[in-house]
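Student: First the structure, which I've put down as structure tokens, then a few questions once you've had a look.
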There are 4 protein chains.
Amino acid sequence: MKNKKLWGGRFSDATSQITEQISASLHFDVRLYKHDIQGSIAHARMLANQGMLTQDDCNAIIKGLQTIQKEIEEGTFPFNEKLEDIHMNIEARLTELIDEAGKRLHTARSRNDQVVTDVRLYLKDEIKDIQKLCVDLIQKLIKKAQENKQVIMPGYTHMQIAQPVRFSHHLMVYAWAYLRDLKRLRFAFSTADVLPLGSGALAGVNYATDRHYVAKELEFGTVAHNSMDAVSDRDFIADFLYFAAMAGMHSSRLAEDLIVWSTAEFNFIKLCDSVTTGSSIMPQKRNPDIAELIRGKTGRLYGNLISLLTVLKGLPMSYNRDLQEDKEPLFDSIDTVKLVFKGMAEMIEHMTVNEDITKKAIYKNFSTATDVADYLVMKGIAFRQAHEIVGSVVKYCEKNNKNFFSLPLEELKKFSEKFDADIYEYLDPEKSTERKKSYGSTSLDSIENQIKLLIEQLHEFNH
Amino acid sequence: MKNKKLWGGRFSDATSQITEQISASLHFDVRLYKHDIQGSIAHARMLANQGMLTQDDCNAIIKGLQTIQKEIEEGTFPFNEKLEDIHMNIEARLTELIDEAGKRLHTARSRNDQVVTDVRLYLKDEIKDIQKLCVDLIQKLIKKAQENKQVIMPGYTHMQIAQPVRFSHHLMVYAWAYLRDLKRLRFAFSTADVLPLGSGALAGVNYATDRHYVAKELEFGTVAHNSMDAVSDRDFIADFLYFAAMAGMHSSRLAEDLIVWSTAEFNFIKLCDSVTTGSSIMPQKRNPDIAELIRGKTGRLYGNLISLLTVLKGLPMSYNRDLQEDKEPLFDSIDTVKLVFKGMAEMIEHMTVNEDITKKAIYKNFSTATDVADYLVMKGIAFRQAHEIVGSVVKYCEKNNKNFFSLPLEELKKFSEKFDADIYEYLDPEKSTERKKSYGSTSLDSIENQIKLLIEQLHEFNH
Amino acid sequence: MKNKKLWGGRFSDATSQITEQISASLHFDVRLYKHDIQGSIAHARMLANQGMLTQDDCNAIIKGLQTIQKEIEEGTFPFNEKLEDIHMNIEARLTELIDEAGKRLHTARSRNDQVVTDVRLYLKDEIKDIQKLCVDLIQKLIKKAQENKQVIMPGYTHMQIAQPVRFSHHLMVYAWAYLRDLKRLRFAFSTADVLPLGSGALAGVNYATDRHYVAKELEFGTVAHNSMDAVSDRDFIADFLYFAAMAGMHSSRLAEDLIVWSTAEFNFIKLCDSVTTGSSIMPQKRNPDIAELIRGKTGRLYGNLISLLTVLKGLPMSYNRDLQEDKEPLFDSIDTVKLVFKGMAEMIEHMTVNEDITKKAIYKNFSTATDVADYLVMKGIAFRQAHEIVGSVVKYCEKNNKNFFSLPLEELKKFSEKFDADIYEYLDPEKSTERKKSYGSTSLDSIENQIKLLIEQLHEFNH
Amino acid sequence: MKNKKLWGGRFSDATSQITEQISASLHFDVRLYKHDIQGSIAHARMLANQGMLTQDDCNAIIKGLQTIQKEIEEGTFPFNEKLEDIHMNIEARLTELIDEAGKRLHTARSRNDQVVTDVRLYLKDEIKDIQKLCVDLIQKLIKKAQENKQVIMPGYTHMQIAQPVRFSHHLMVYAWAYLRDLKRLRFAFSTADVLPLGSGALAGVNYATDRHYVAKELEFGTVAHNSMDAVSDRDFIADFLYFAAMAGMHSSRLAEDLIVWSTAEFNFIKLCDSVTTGSSIMPQKRNPDIAELIRGKTGRLYGNLISLLTVLKGLPMSYNRDLQEDKEPLFDSIDTVKLVFKGMAEMIEHMTVNEDITKKAIYKNFSTATDVADYLVMKGIAFRQAHEIVGSVVKYCEKNNKNFFSLPLEELKKFSEKFDADIYEYLDPEKSTERKKSYGSTSLDSIENQIKLLIEQLHEFNH
């Protein structure tokens, strides 16, 4: 029983090797060290305030914990795999450093409430960083949209050229999507912002603690009102994983657009060298690897969400060890979403638009057919009929290999007497975007308006 | 070309049978009929206001649509599978009923913006119903908690008896969890509450429409600011599916508790006959089928979320037909979550607690061992040492088959000199819950406090 | 207690309405009627053989069941929602028709083994149909590959033009992928091919039954060896759902290729009118909807798999009502995978390749750069150095806007003295495919070889 | 450009820091080093055989690679993060060690085919280990079943006591389930057992290579017949991840049983100290952590499957960088499934059954009610009627608090005249299992038969 556990009083046999392997978490929960120490310091101060710890002991604990933090950050901390996790490592080291006082720290709390407090503290800090990265990405999208306000390109539905749109309008779609992600992130923050510490193992503790003091020290917005909920609730992690899955989904769509636009066939944009890579065999290749990796990383973001949801399915109250499986998906989604935002921002910032090519492309696939139908409506024809007429014109052009945009008036008139000389204004794809008069459309005014609105709405996330 | 499509002007060949089968959606989108009509009426009024439709045409359209609604509700509507979806069915019937005017309705909108408007309208209505069901379930949990405030039972971690808790404390965990679900539902409502109509196919429309008027008519909080985002954004569905997955997850945990408590071995509760079923072969069986089905239905709620996330992964801008696959998971999760909330409420309302049995159960597994350790702390021993001492007492009792709760003082003193006559107060499991002094604990005061708080917080969802 | 259940002997109160709603399965399990009757007939014959049923009763049962089948198929069967499922509906009707004898049928089996037997029987039949559809799709891919053996197109990695390949080589990738799906389907068949009937509720039955006789009657390969496993094992459904998810995944990749190739920018293929659809607003549109829907349907195929896996996670032995949730995902994946195979076969069969355009496309992006590097290797340069040299040529061409394929020899020689007149053979993209000498390459011989092999391997699935 | 990439010839700017971060794979693909070296040696030998490399160069390469393997295993290898992955690290080091010859190794292959070859080689080795662990677990289940053949316990459906079964019968369910997993594992091996090497980037290579020789050297069963399929197919990984998800699912069910049986309320088994752990706060706790962690790890096994399926959804041909995301889920599922099998085997091996308690438990919940119904059938009553009669007896006992197992004959006769003195044989729960005469039942003979059969079937996996 050399490697006796801190909880080993009632046990006769040591844990087996496989037990240690399967329950080991030090290799991933080590990243919680700072927040574990932060939480313990607040707990110690509260114990001292409440007279459950002498001021001397409290000071010793704080000093000990600060020493430990320094040791960890300087790489001199004596990690011991046998001690299961970062919390037990710190606890054991503290007792080593300050003896008896260290053992008193563990009054009025358990690992159940301690660990989940650390995770909440840690996640709240990470969310702040991630919010900054998301805001930065949105700003880069806005900037790129502003720089390219005059650029016209084909708008697609079903990946078929539908109607001319502004490049900026297309980019702004993603700015709006990421704004929604910021709201999801804020929601995740709000569910994380609840203090569990002091709930004990599940029932509360036998001490007149002051949990509201601890909450204030640690800057938690609220205190958990139910101790069993406090130790078994992982909703806040799910909320974050869901945010990350959605941010990944949006990024996969933008990445897909960038990849398609970077093909030789579309050739709408050029990604800079710094975000593309070559091939070990094909000397000419210049691949949009970052966009592909971002698209691919959606996989792990979805997987992490399903992973936690699976763990929680059918789990009885209250704390069960299954819950240890909450951390790796969380940490992985945190790391991934940061990479995704940074990588995307880098690509957007440095990409250039091949304006000549996007403009030429709007002359394909009868891109103003809808404008022509609207022209007929203006001349008094019901839309459904107008649609039918223009459909026939399209068919005629295809069959006879005619240029739709410059079809002679006499030919047009065969399809409807309503066609007149002013039709060429409507056929011109370069004028199409400015004909869009509805709110939220792809006209210049409308784009300037949405950029203004988005910048305003971004303010509340930008601090 | 007998079954010519409304969009068929430029096509030479009819769609094949498999195309019709694979793209058919009438069998599930028929449930949108009311909201489709509602949306069309608002659109017609706007067109008339803006002078794009005569008042006569507008009236004819509204009357026609009202006739159609009546036909559908009375079962006399001539559904035509060949017309793909409910929207085309209504459009075709309208033209049949009022001719030319019907064809004019389709000015300044496309199916892309129309369908997603219908889904948003529909979902907003459903969310209101679901919110009511969730509030009702929470109230039933609170009521059952209040009725059983005096009932003491074992609290579990790792499904091992940990410390005595109040039955009400355990039930309230789920009330808090469902409160968080209400917040998720409110979030989903907020993302659904945006009007896409008037965005056209993707670029906006060539008409001076008044989308803000339409939004007001249809009671949308906002108007979509980017027309491409409007037709391709399905975040609001994902947000709902995520809410449903979480509500399902919480329900699966509560169901698991109910199932375990209903076993012959636990026997903590009795579910009423009306929510249990028998066996076709075993005459004695009385099975908690509803709890099991609720637990099982988590599967489809998770599956529906993954289904939509998969559809959206890597999808380029803007509308793609893949998006038709958004509806069935949504409809299924709506139906399922309603069943889950109703079924759970029914079970909770009518279950009875076997108070004698739960009380007897707290005398198992040394349920006051932590209280004893805390006793030693009070006597000056550091918690880690106290823990070790009590661990040894436990081991001693197990080995020698002694009753922990009434171990003679002289035997206790062998483990620590600090033990005194007052220890029996701490050993008594029936007094354990009231010793829990911390905020949020399982003491009676604390439970009354959390019930009061929850009822207050519920107010904002209860209207 | 008017709607008394067949299992209701020990119950005092009727089931509540929500219980009936939540446990209802008739609306989806009705499709098992034929296999339920088939299973019951085999069971009755066995009971008669074993002397547990008179021959008269057996005959009456068989006749009654045949009447029921006719009633269902002719639409005259008196379905009763209150009777929960198709099995109880048939049982009740049988007793109505033949009285006492009908009640004897339910000896030596329970619904637990009966229902899962029906599902296995049903699935085995569906697998046979699905196998045929998959074989048909592969054959259409092979045929299209054979018809277009001479067509050369760019091969892509990272969606960047990499090296010229044959169109047939590209198509054959999917033929091979679907062949692997056939193997998955065969595996799923093998796990479905086990008879559970006769296992009773979980423990076996008190009768000297002959389960091997029943297995033979129903053409099951094996009999379940453990009665508890028999009633709780749903692996065979998971195996099918996994097959369907993989087939969906492969189809989503092929669909993506078809969609990209159908863009105005690529324009490599033309899908026939019968598998494309138009737009309600844009008269010119011709959208690859079927390909998009197939790509989108991957979502439900993944969702269905996750749905069942979630249901099964952490479920204790043996039968639990959660297992009723196995059927809807199964039925949906069966229907979906059939649509996907049929839709894909239709698209492949009728698509045409724009050979001129694919050939022109290989002159982009330095598609023979690797060939040039290999040329240098042939001249004695190590591959890594050759790669570096050709990389510099590429950079030079880009910078100076030179045509790589016809760069004058003197310019090439600036990069390496090894370049000689024979280099132009290697620069020519139309000759690139035939230079690929390795097994499995894109050369004509190699393609003919793989087609031959695939046809051979297909034999074992083609009956 | 100091950290120039090996593919950097045509690039002007260095990759940015975020590009390096997001595309880094060395930290996880380092575990492929041995198989990368193994593959390269086989490739070098083939090149030499085919005259594409001198024997001297070949020898130098092999020696160099062996040195590298030694360096890695001894911890002296100079890893360079800038070199992206393990393959480039080895390549760069080889060139450092043996200069020119090292650069010649990269003839006739690309990273696309090289990396996936390494993964296949690696996975095949891991599958062999995992198969051994699975066989070992099955053998431990069999052994425990054999040791406890006489132990009778309640069998459950819906977690309600249904009928008495043998403990061994219950355990054997999992042995059969794991046998099915072995078949899934064998299937995954068969799809992994295909050599991609020599397919080049996607089109094959310009050299007369001998891929069949390489396949033989590396012990692959087949050679990929289509070079594009070879570089883009990840089915074999999905097949393994699916196996792992299913094995995890089965393990989660067994873990759930073990956890429930370990509760104070059931108390059917005792897990040994070495697989249980204590609590940091509650001195008495002895928690089945390993079982809980195994149950929880199902989450990541499902998540990893969804992760890869998501990556592959809608991915166009052929190699895309998204595919780099295949490795981490694979490696994690390999590690996890090994832990799960080892942990489960340890728990099963050392658990003991509380035989007295399981026997007492069968006297609950009218466990022989079905036997009594069958008794009445034997006396000529139709099963449905018998079921109804026994249901009434049950209701009577419950209402009047009577002991079902010893109800006086006169009271029984009130429910049916058919009851006679021999009924007590049928009421006795200890005799119930031996009354089960059907094949696959819970009788002793039947269990011995299934154990024999399973051992036989295990032979083909046990080498």
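Following the order of the structure tokens, first chain is A, next is B, and so on, with residues numbered from 1 inside each chain and ligands from 1 in the order they appear.
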Kindly provide, as a VMD selection string, the residues of chain A having any atom no farther than 7 Å from an atom of chain D, counting only C-alpha atoms.
Tutor: chain A and resid 6 to 16 18 to 19 22 110 to 111 201 273 to 275 278 to 281 283 to 284 289 to 290 292 to 293 295 to 297 299 to 300 302 to 304 306 to 308 310 to 311 320 to 322 325 339 342 to 343
Student: DSSP says helix (DSSP H, G or I) for which residues of region 46-292 of chain B? Put them as a PyMOL selection string?
Tutor: chain B and resi 46-49+55-74+81-83+86-98+100-104+111-147+167-192+211-217+227-232+235-261+273-275+289-292
Student: Any idea what's packed within 7 Å of region 148-159 of chain C, counting only C-alpha atoms, ignoring anything in its chain fewer than 5 positions away? Could you give it as a ChimeraX atom specification?
Tutor: /A:263,287-288 /C:164-168,355,358-359,361-362 /D:317-321
Student: Taking N, CA, C and O atoms for each residue, export the selection above as a PDB file, in the first residue's frame.
Tutor:
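What landed in selection30.pdb:
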```pdb
ATOM      1  N   THR A 263     -10.694  27.161 -56.701  1.00  0.00           N
ATOM      2  CA  THR A 263     -10.432  26.204 -57.785  1.00  0.00           C
ATOM      3  C   THR A 263     -10.018  26.955 -59.036  1.00  0.00           C
ATOM      4  O   THR A 263     -10.355  28.130 -59.212  1.00  0.00           O
ATOM      5  N   ASN A 287      -2.309  24.425 -52.257  1.00  0.00           N
ATOM      6  CA  ASN A 287      -3.562  23.896 -51.743  1.00  0.00           C
ATOM      7  C   ASN A 287      -4.134  24.734 -50.604  1.00  0.00           C
ATOM      8  O   ASN A 287      -3.382  25.219 -49.762  1.00  0.00           O
ATOM      9  N   PRO A 288      -5.436  24.889 -50.570  1.00  0.00           N
ATOM     10  CA  PRO A 288      -6.052  25.676 -49.490  1.00  0.00           C
ATOM     11  C   PRO A 288      -6.210  24.850 -48.222  1.00  0.00           C
ATOM     12  O   PRO A 288      -7.316  24.687 -47.700  1.00  0.00           O
TER      13      PRO A 288
ATOM     14  N   PRO C 164      -3.815  14.844 -64.820  1.00  0.00           N
ATOM     15  CA  PRO C 164      -4.905  14.344 -65.665  1.00  0.00           C
ATOM     16  C   PRO C 164      -5.286  12.924 -65.273  1.00  0.00           C
ATOM     17  O   PRO C 164      -4.415  12.112 -64.941  1.00  0.00           O
ATOM     18  N   VAL C 165      -6.568  12.657 -65.267  1.00  0.00           N
ATOM     19  CA  VAL C 165      -7.040  11.275 -65.038  1.00  0.00           C
ATOM     20  C   VAL C 165      -8.156  10.983 -66.045  1.00  0.00           C
ATOM     21  O   VAL C 165      -8.649  11.879 -66.713  1.00  0.00           O
ATOM     22  N   ARG C 166      -8.509   9.718 -66.119  1.00  0.00           N
ATOM     23  CA  ARG C 166      -9.649   9.354 -66.964  1.00  0.00           C
ATOM     24  C   ARG C 166     -10.933   9.539 -66.165  1.00  0.00           C
ATOM     25  O   ARG C 166     -11.004   9.195 -64.993  1.00  0.00           O
ATOM     26  N   PHE C 167     -11.960  10.011 -66.837  1.00  0.00           N
ATOM     27  CA  PHE C 167     -13.272  10.150 -66.211  1.00  0.00           C
ATOM     28  C   PHE C 167     -13.730   8.808 -65.634  1.00  0.00           C
ATOM     29  O   PHE C 167     -14.297   8.740 -64.536  1.00  0.00           O
ATOM     30  N   SER C 168     -13.456   7.760 -66.364  1.00  0.00           N
ATOM     31  CA  SER C 168     -13.864   6.419 -65.914  1.00  0.00           C
ATOM     32  C   SER C 168     -13.178   6.030 -64.610  1.00  0.00           C
ATOM     33  O   SER C 168     -13.757   5.360 -63.757  1.00  0.00           O
ATOM     34  N   GLU C 355     -17.135  16.276 -72.900  1.00  0.00           N
ATOM     35  CA  GLU C 355     -15.779  15.797 -73.142  1.00  0.00           C
ATOM     36  C   GLU C 355     -14.814  16.902 -73.558  1.00  0.00           C
ATOM     37  O   GLU C 355     -13.655  16.926 -73.151  1.00  0.00           O
ATOM     38  N   THR C 358     -13.858  18.941 -70.393  1.00  0.00           N
ATOM     39  CA  THR C 358     -12.937  18.265 -69.468  1.00  0.00           C
ATOM     40  C   THR C 358     -11.539  18.200 -70.067  1.00  0.00           C
ATOM     41  O   THR C 358     -10.550  18.306 -69.349  1.00  0.00           O
ATOM     42  N   LYS C 359     -11.475  18.015 -71.373  1.00  0.00           N
ATOM     43  CA  LYS C 359     -10.155  17.933 -71.989  1.00  0.00           C
ATOM     44  C   LYS C 359      -9.441  19.288 -71.933  1.00  0.00           C
ATOM     45  O   LYS C 359      -8.248  19.367 -71.639  1.00  0.00           O
ATOM     46  N   ALA C 361      -9.784  21.445 -69.731  1.00  0.00           N
ATOM     47  CA  ALA C 361      -9.466  21.763 -68.339  1.00  0.00           C
ATOM     48  C   ALA C 361      -8.124  21.201 -67.885  1.00  0.00           C
ATOM     49  O   ALA C 361      -7.509  21.705 -66.951  1.00  0.00           O
ATOM     50  N   ILE C 362      -7.661  20.144 -68.541  1.00  0.00           N
ATOM     51  CA  ILE C 362      -6.385  19.559 -68.086  1.00  0.00           C
ATOM     52  C   ILE C 362      -5.205  20.449 -68.451  1.00  0.00           C
ATOM     53  O   ILE C 362      -4.092  20.219 -67.993  1.00  0.00           O
TER      54      ILE C 362
ATOM     55  N   MET D 317     -13.935  14.123 -54.435  1.00  0.00           N
ATOM     56  CA  MET D 317     -12.725  13.372 -54.741  1.00  0.00           C
ATOM     57  C   MET D 317     -11.567  14.333 -54.954  1.00  0.00           C
ATOM     58  O   MET D 317     -11.785  15.459 -55.372  1.00  0.00           O
ATOM     59  N   SER D 318     -10.322  13.893 -54.807  1.00  0.00           N
ATOM     60  CA  SER D 318      -9.940  12.638 -54.173  1.00  0.00           C
ATOM     61  C   SER D 318      -9.359  13.012 -52.808  1.00  0.00           C
ATOM     62  O   SER D 318     -10.136  13.218 -51.905  1.00  0.00           O
ATOM     63  N   TYR D 319      -8.059  13.085 -52.640  1.00  0.00           N
ATOM     64  CA  TYR D 319      -7.538  13.445 -51.332  1.00  0.00           C
ATOM     65  C   TYR D 319      -7.848  14.904 -51.029  1.00  0.00           C
ATOM     66  O   TYR D 319      -7.663  15.791 -51.849  1.00  0.00           O
ATOM     67  N   ASN D 320      -8.348  15.166 -49.823  1.00  0.00           N
ATOM     68  CA  ASN D 320      -8.501  16.524 -49.318  1.00  0.00           C
ATOM     69  C   ASN D 320      -7.871  16.564 -47.933  1.00  0.00           C
ATOM     70  O   ASN D 320      -7.884  15.564 -47.218  1.00  0.00           O
ATOM     71  N   ARG D 321      -7.377  17.710 -47.553  1.00  0.00           N
ATOM     72  CA  ARG D 321      -6.639  17.794 -46.285  1.00  0.00           C
ATOM     73  C   ARG D 321      -7.530  17.516 -45.082  1.00  0.00           C
ATOM     74  O   ARG D 321      -7.032  17.158 -44.010  1.00  0.00           O
TER      75      ARG D 321
END
```
Student: Excluding region 443-459 of chain A and any residue of its chain fewer than 6 positions from it, enumerate the residues within 7 Å of it, using only C-alpha atoms, and give them as a PyMOL selection string.
Tutor: (chain A and resi 142+169+433-434+436) or (chain B and resi 225)
Student: Could you write those residues out with C-alpha atoms, as a tab-separated table (two decimals), in the first residue's frame?
Tutor:
```tsv
chain	number	residue	atom	x	y	z
A	142	ILE	CA	-16.54	43.44	-42.40
A	169	HIS	CA	-23.17	40.74	-49.42
A	433	THR	CA	-27.77	44.43	-57.87
A	434	GLU	CA	-28.85	48.07	-57.78
A	436	LYS	CA	-32.82	45.20	-55.71
B	225	HIS	CA	-30.80	42.20	-42.65
```
Student: What does the structure give for the distance between CA of Asp235 (chain A) and CA of Phe243 (chain B), in Å to one decimal?
Tutor: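 Taking CA of Asp235 (chain A) and CA of Phe243 (chain B), their separation equals 10.9 Å.
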Student: Of the candidates C:Asp332, C:Asp210, C:Glu410, C:Glu73, which one gets nearest to Leu47 (chain C) if we count only C-alpha atoms?
Tutor: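 For Leu47 (chain C), the nearest of the candidates is C:Asp210.
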Student: Quote the spacing between CA of Glu100 (chain D) and CA of Gln163 (chain C) in Å to one decimal place.
Tutor: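 Separating CA of Glu100 (chain D) from CA of Gln163 (chain C) is a distance of 26.8 Å.
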Student: Could you work out how far CA of Thr209 (chain C) lies from CA of Ser40 (chain C), giving the answer in Å with one decimal?
Tutor: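 So the two atoms, CA of Ser40 (chain C) and CA of Thr209 (chain C), lie 14.1 Å apart.
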Student: Near Ala203 (chain D), counting only C-alpha atoms, which residues have an atom at most 6 Å away, once you skip same-chain residues fewer than 6 positions from it, shown as a list of chain:residue names?
Tutor: C:Ser441, C:Thr442, D:Ser227
Student: Neighbours of Cys397 (chain A) within 12 Å (only C-alpha atoms; same-chain residues fewer than 5 positions away dropped), as a PyMOL selection string?
Tutor: (chain A and resi 365-366+369+390-392+402-408+411-412+415) or (chain B and resi 10) or (chain C and resi 284)
Student: Please, could you write that set of residues out with N, CA and C atoms as a PDB file, in the first residue's frame?
Tutor:
```pdb
ATOM      1  N   ASN A 365     -25.257  31.731 -67.383  1.00  0.00           N
ATOM      2  CA  ASN A 365     -26.504  31.125 -66.849  1.00  0.00           C
ATOM      3  C   ASN A 365     -27.667  32.110 -66.708  1.00  0.00           C
ATOM      4  N   PHE A 366     -27.811  33.041 -67.675  1.00  0.00           N
ATOM      5  CA  PHE A 366     -29.019  33.876 -67.723  1.00  0.00           C
ATOM      6  C   PHE A 366     -29.278  34.560 -66.378  1.00  0.00           C
ATOM      7  N   ALA A 369     -32.474  36.573 -65.581  1.00  0.00           N
ATOM      8  CA  ALA A 369     -33.783  36.069 -66.017  1.00  0.00           C
ATOM      9  C   ALA A 369     -34.898  36.565 -65.082  1.00  0.00           C
ATOM     10  N   VAL A 390     -40.347  33.873 -69.612  1.00  0.00           N
ATOM     11  CA  VAL A 390     -38.880  33.967 -69.582  1.00  0.00           C
ATOM     12  C   VAL A 390     -38.258  32.567 -69.651  1.00  0.00           C
ATOM     13  N   GLY A 391     -38.910  31.605 -69.038  1.00  0.00           N
ATOM     14  CA  GLY A 391     -38.445  30.217 -69.156  1.00  0.00           C
ATOM     15  C   GLY A 391     -38.339  29.797 -70.610  1.00  0.00           C
ATOM     16  N   SER A 392     -39.302  30.206 -71.409  1.00  0.00           N
ATOM     17  CA  SER A 392     -39.274  29.854 -72.823  1.00  0.00           C
ATOM     18  C   SER A 392     -38.162  30.579 -73.567  1.00  0.00           C
ATOM     19  N   LYS A 402     -28.038  31.179 -78.469  1.00  0.00           N
ATOM     20  CA  LYS A 402     -28.136  32.628 -78.551  1.00  0.00           C
ATOM     21  C   LYS A 402     -27.652  33.269 -77.248  1.00  0.00           C
ATOM     22  N   ASN A 403     -27.142  34.475 -77.369  1.00  0.00           N
ATOM     23  CA  ASN A 403     -26.732  35.217 -76.176  1.00  0.00           C
ATOM     24  C   ASN A 403     -27.961  35.906 -75.563  1.00  0.00           C
ATOM     25  N   PHE A 404     -28.326  35.461 -74.405  1.00  0.00           N
ATOM     26  CA  PHE A 404     -29.517  35.960 -73.719  1.00  0.00           C
ATOM     27  C   PHE A 404     -29.449  37.465 -73.474  1.00  0.00           C
ATOM     28  N   PHE A 405     -28.263  37.925 -73.088  1.00  0.00           N
ATOM     29  CA  PHE A 405     -28.133  39.315 -72.639  1.00  0.00           C
ATOM     30  C   PHE A 405     -28.269  40.332 -73.777  1.00  0.00           C
ATOM     31  N   SER A 406     -28.128  39.838 -75.001  1.00  0.00           N
ATOM     32  CA  SER A 406     -28.219  40.777 -76.127  1.00  0.00           C
ATOM     33  C   SER A 406     -29.157  40.249 -77.214  1.00  0.00           C
ATOM     34  N   LEU A 407     -30.163  39.543 -76.775  1.00  0.00           N
ATOM     35  CA  LEU A 407     -31.118  38.999 -77.745  1.00  0.00           C
ATOM     36  C   LEU A 407     -31.855  40.168 -78.410  1.00  0.00           C
ATOM     37  N   PRO A 408     -31.918  40.171 -79.754  1.00  0.00           N
ATOM     38  CA  PRO A 408     -32.600  41.279 -80.440  1.00  0.00           C
ATOM     39  C   PRO A 408     -34.057  41.410 -80.008  1.00  0.00           C
ATOM     40  N   GLU A 411     -36.729  39.274 -81.579  1.00  0.00           N
ATOM     41  CA  GLU A 411     -36.791  37.885 -81.115  1.00  0.00           C
ATOM     42  C   GLU A 411     -37.512  37.810 -79.772  1.00  0.00           C
ATOM     43  N   LEU A 412     -37.205  38.758 -78.907  1.00  0.00           N
ATOM     44  CA  LEU A 412     -37.881  38.795 -77.606  1.00  0.00           C
ATOM     45  C   LEU A 412     -39.389  38.962 -77.780  1.00  0.00           C
ATOM     46  N   PHE A 415     -41.892  36.254 -77.850  1.00  0.00           N
ATOM     47  CA  PHE A 415     -42.320  35.609 -76.603  1.00  0.00           C
ATOM     48  C   PHE A 415     -43.363  36.444 -75.864  1.00  0.00           C
TER      49      PHE A 415
ATOM     50  N   ARG B  10     -38.571  26.249 -68.914  1.00  0.00           N
ATOM     51  CA  ARG B  10     -37.366  26.011 -69.693  1.00  0.00           C
ATOM     52  C   ARG B  10     -37.023  24.535 -69.818  1.00  0.00           C
TER      53      ARG B  10
ATOM     54  N   GLN C 284     -34.657  30.757 -65.280  1.00  0.00           N
ATOM     55  CA  GLN C 284     -33.600  30.059 -66.015  1.00  0.00           C
ATOM     56  C   GLN C 284     -33.059  28.851 -65.266  1.00  0.00           C
TER      57      GLN C 284
END
```
